[in-house]
Amino acid sequence: MYCKHCGAQISDDSVFCDKCGKPVRAIAKDTELSNQAQENGQNISAPDNSDQQLPGGEQIIPVPDSGGDKKRAVILGVIIAVLLVVIAVLALRFKPVETAEPDPEVVSSEEPTAEPSKQLDSTPSVDVIVGMWDLMGIVDDGEVTLTSSADVYINIKVGGTFYLKLNDTSYEGEWERYTGDLDSDTDLIPYIATFENGNTTVLAYSEEEERIFLQVNDMTGVFER
């Protein structure tokens, strides 16, 4: 007879296969049936397929049990399922983030800022030049000639008015800051002084020297607090 597990030829009375060691249950059952038949006076023997041959003289060899193949197929299926899950998780994790493009139909509600124009500031306010200034010199060919006179001073008032005293003559008028383009190389802050008769002149303040320069006719006076 042959082992049903590995196909090895074993003796008819074997309980376990001499080659693979597995129990030969079918043979044991046949042997038990044979013993019962002999007790009943019947001659029953287990079928012997060792002498059966196929056309061409080939001998029939029992096919081993395919239980191992089924187990391997199950394991392979589990491995494939795990790989598919891992691939799906990685695909979701590294999915590229889509950035939203600005909507071309959205129009900004902010109005463009108008460029500053060359004009005068018509709203006088408290300024650095507000106060009483006394004459301390005269500008001559770019140089300041020191001089002083108690009768020459300018009082710049809050609200955009001024009072100028030149010896025995006094003048009144209005002042306002000039907001046009300036020479970037100077630190002077320019103002416009308008006298009661309509004449205008330049009034400038130097932050570095803390002085006021006032041009009257052909003379430029330098004033300090």
# chains A, B, ... in the order shown; residues from 1 in each chain; ligands from 1
call {"tool": "residues_around", "arguments": {"residues": "Cys20 in chain A", "least_positions_apart": "4", "cutoff": "10 Å", "atoms": "only C-alpha atoms", "output": "PyMOL selection string"}}
result
chain A and resi 3+5-8+16
call {"tool": "write_last_selection", "arguments": {"atoms": "C-alpha atoms", "output": "compact mmCIF listing (two decimals), in the first residue's frame"}}
result
# COMPACT_ATOMS: atom_id res chain seq x y z
CA CYS A 3 0.90 6.58 2.13
CA HIS A 5 0.15 11.93 2.44
CA CYS A 6 3.51 11.53 0.71
CA GLY A 7 2.87 8.60 -1.66
CA ALA A 8 5.61 6.41 -0.20
CA PHE A 16 2.18 5.52 10.59
call {"tool": "residues_around", "arguments": {"residues": "Tyr163 in chain A", "least_positions_apart": "4", "cutoff": "10 Å", "atoms": "only C-alpha atoms", "output": "list in words"}}
result
Met132, Tyr153, Ile154, Asn155, Ile156, Lys157, Ser170, Tyr171, Glu172, Gly173, Glu174 and Phe195 of chain A
call {"tool": "closest_residue", "arguments": {"among": "A:Thr179, A:Asp140, A:Asp134, A:Pro190", "to": "Lys165 in chain A", "atoms": "only C-alpha atoms"}}
result
A:Asp134
call {"tool": "residues_around", "arguments": {"residues": "range 10-12 of chain A", "least_positions_apart": "3", "cutoff": "8 Å", "atoms": "only C-alpha atoms", "output": "JSON, numbers by chain"}}
result
{"A": [1, 2, 3, 17, 18, 27]}
call {"tool": "write_last_selection", "arguments": {"atoms": "N, CA and C atoms", "output": "short mmCIF file (atom, residue, chain, number, x, y, z; two decimals), in the first residue's frame"}}
result
data_model
loop_
_atom_site.label_atom_id
_atom_site.label_comp_id
_atom_site.auth_asym_id
_atom_site.auth_seq_id
_atom_site.Cartn_x
_atom_site.Cartn_y
_atom_site.Cartn_z
N MET A 1 0.84 -1.18 0.00
CA MET A 1 0.00 0.00 0.00
C MET A 1 0.89 1.26 0.00
N TYR A 2 0.26 2.43 -0.23
CA TYR A 2 0.98 3.70 -0.32
C TYR A 2 0.41 4.69 0.69
N CYS A 3 1.32 5.53 1.18
CA CYS A 3 0.90 6.58 2.13
C CYS A 3 0.08 7.61 1.38
N CYS A 17 3.24 6.33 8.58
CA CYS A 17 4.10 6.25 7.40
C CYS A 17 5.55 6.27 7.84
N ASP A 18 6.36 5.32 7.28
CA ASP A 18 7.78 5.25 7.65
C ASP A 18 8.57 6.44 7.12
N ILE A 27 -5.93 3.22 6.27
CA ILE A 27 -5.42 1.85 6.27
C ILE A 27 -5.79 1.17 7.56
#
call {"tool": "atom_distance", "arguments": {"atom1": "CA of Ile138 in chain A", "atom2": "CA of Leu188 in chain A"}}
result
17.1 Å
call {"tool": "residues_around", "arguments": {"residues": "Asp218 in chain A", "least_positions_apart": "4", "cutoff": "12 Å", "atoms": "only C-alpha atoms", "output": "list in words"}}
result
Ile138, Val139, Asp140, Asp141, Thr201, Val202 and Leu214 of chain A
call {"tool": "atom_distance", "arguments": {"atom1": "CA of Val222 in chain A", "atom2": "CA of Asn197 in chain A"}}
result
23.1 Å
